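Single-structure report; data block below.
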Amino acid sequence: MEGEPVGPVKWVYKGEMFVDGLYEVTCGACQHALFKDDRCPRCHAEGGLARGLTTTNAYAVPEQCPRCEHIEVRFIAFVPARVKYEGKRADKAQTSVELHDPGFHGYRVDCKDCGKIAERADACPICESPAPLRARFS
């Protein structure tokens, strides 16, 4: 609301998109890394993961919808998350990252009344590598 968050982060993702952004799998018991990838989880740029985890959001949150001037917009972002899986159903994704923290990277703004207002396409929202971006699972 007016460019600042109100309420907790809400998780909205499709399974394929979530898995597409996977960059590490570690055994919870012994901490052995079963899979690790230092490329950007969005565009696959070399070294992009470190840039994404240590930099802050570069996509400004608008204070209102530019069409209807409503002060409440939905800001959609990529954030690092952890998911525990113990052979049954995976736990819900969890993150400690919020809007102004390193690792939070917005890429789209929606308005309740107007729909999608804007979406970042000039560079990768996570690591800032130049566009064009690779296609994501849909």
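We label chains A, B, ... in the order they appear in the structure tokens, count residues from 1 in each chain, and number ligands from 1 in the order shown.
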Backbone DSSP call of helix (DSSP H, G or I) for region 28-96 of chain A, listed as a PyMOL selection string: chain A and resi 48-54
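Residues of region 29-135 of chain A carrying a DSSP assignment of strand (DSSP E or B), computed from the backbone, are Ala33, Leu34, Phe35, Lys36, Val73, Arg74, Phe75, Ile76, Ala77, Phe78, Arg82, Gln94, His105, Gly106, Tyr107, Arg108, Val109, Asp110, Cys111, Gly115, Lys116, Ile117, Ala118, Glu119, Ala123 and Pro130 of chain A.
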Deliver the residues from the most recent selection as a file, using N, CA and C atoms, as a compact mmCIF listing (two decimals), in the first residue's frame.
# COMPACT_ATOMS: atom_id res chain seq x y z
N ALA A 33 25.60 -31.63 0.46
CA ALA A 33 24.96 -31.00 -0.70
C ALA A 33 24.80 -32.05 -1.80
N LEU A 34 23.55 -32.34 -2.15
CA LEU A 34 23.25 -33.30 -3.20
C LEU A 34 23.23 -32.63 -4.57
N PHE A 35 22.93 -31.34 -4.59
CA PHE A 35 22.88 -30.56 -5.82
C PHE A 35 23.17 -29.12 -5.47
N LYS A 36 23.98 -28.46 -6.29
CA LYS A 36 24.29 -27.05 -6.08
C LYS A 36 24.57 -26.41 -7.44
N VAL A 73 -1.46 -2.08 -4.60
CA VAL A 73 -1.05 -2.90 -5.73
C VAL A 73 -0.38 -4.17 -5.22
N ARG A 74 -0.35 -5.20 -6.04
CA ARG A 74 0.33 -6.45 -5.70
C ARG A 74 1.69 -6.41 -6.39
N PHE A 75 2.74 -6.60 -5.61
CA PHE A 75 4.12 -6.59 -6.12
C PHE A 75 4.61 -8.03 -6.11
N ILE A 76 4.87 -8.58 -7.28
CA ILE A 76 5.27 -9.98 -7.41
C ILE A 76 6.79 -10.05 -7.52
N ALA A 77 7.40 -10.96 -6.76
CA ALA A 77 8.85 -10.99 -6.66
C ALA A 77 9.39 -12.41 -6.58
N PHE A 78 10.68 -12.52 -6.88
CA PHE A 78 11.44 -13.74 -6.62
C PHE A 78 12.12 -13.57 -5.27
N ARG A 82 13.24 -21.84 1.48
CA ARG A 82 13.62 -23.19 1.90
C ARG A 82 12.36 -24.03 2.00
N GLN A 94 9.36 -21.38 2.94
CA GLN A 94 9.57 -20.35 3.96
C GLN A 94 10.74 -19.47 3.55
N HIS A 105 13.60 -9.68 -5.08
CA HIS A 105 13.70 -9.06 -6.41
C HIS A 105 12.34 -9.05 -7.10
N GLY A 106 11.71 -7.87 -7.13
CA GLY A 106 10.43 -7.71 -7.77
C GLY A 106 10.54 -7.73 -9.28
N TYR A 107 9.46 -8.19 -9.93
CA TYR A 107 9.48 -8.20 -11.39
C TYR A 107 8.14 -7.87 -12.02
N ARG A 108 7.06 -7.78 -11.23
CA ARG A 108 5.75 -7.51 -11.82
C ARG A 108 4.86 -6.77 -10.82
N VAL A 109 3.98 -5.91 -11.36
CA VAL A 109 3.03 -5.17 -10.53
C VAL A 109 1.64 -5.40 -11.10
N ASP A 110 0.71 -5.79 -10.21
CA ASP A 110 -0.69 -6.01 -10.59
C ASP A 110 -1.58 -5.10 -9.75
N CYS A 111 -2.69 -4.69 -10.35
CA CYS A 111 -3.72 -3.92 -9.65
C CYS A 111 -4.96 -4.80 -9.57
N GLY A 115 -5.63 -5.24 -13.37
CA GLY A 115 -4.83 -6.40 -13.79
C GLY A 115 -3.35 -6.06 -13.82
N LYS A 116 -2.61 -6.71 -14.73
CA LYS A 116 -1.17 -6.49 -14.80
C LYS A 116 -0.90 -5.06 -15.28
N ILE A 117 -0.09 -4.35 -14.49
CA ILE A 117 0.26 -2.96 -14.80
C ILE A 117 1.60 -2.91 -15.50
N ALA A 118 2.57 -3.63 -14.96
CA ALA A 118 3.93 -3.59 -15.51
C ALA A 118 4.66 -4.88 -15.17
N GLU A 119 5.61 -5.23 -16.03
CA GLU A 119 6.45 -6.40 -15.79
C GLU A 119 7.84 -6.10 -16.30
N ALA A 123 15.96 -6.56 -17.99
CA ALA A 123 17.08 -7.33 -17.45
C ALA A 123 16.52 -8.40 -16.53
N PRO A 130 21.57 -8.76 -18.77
CA PRO A 130 20.74 -8.12 -19.80
C PRO A 130 19.74 -9.07 -20.45
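The nearest approach to Val61 (chain A) among the residues A:Ala45, A:Val79, A:Cys30, A:Leu99, with only C-alpha atoms taken into account, belongs to A:Leu99.
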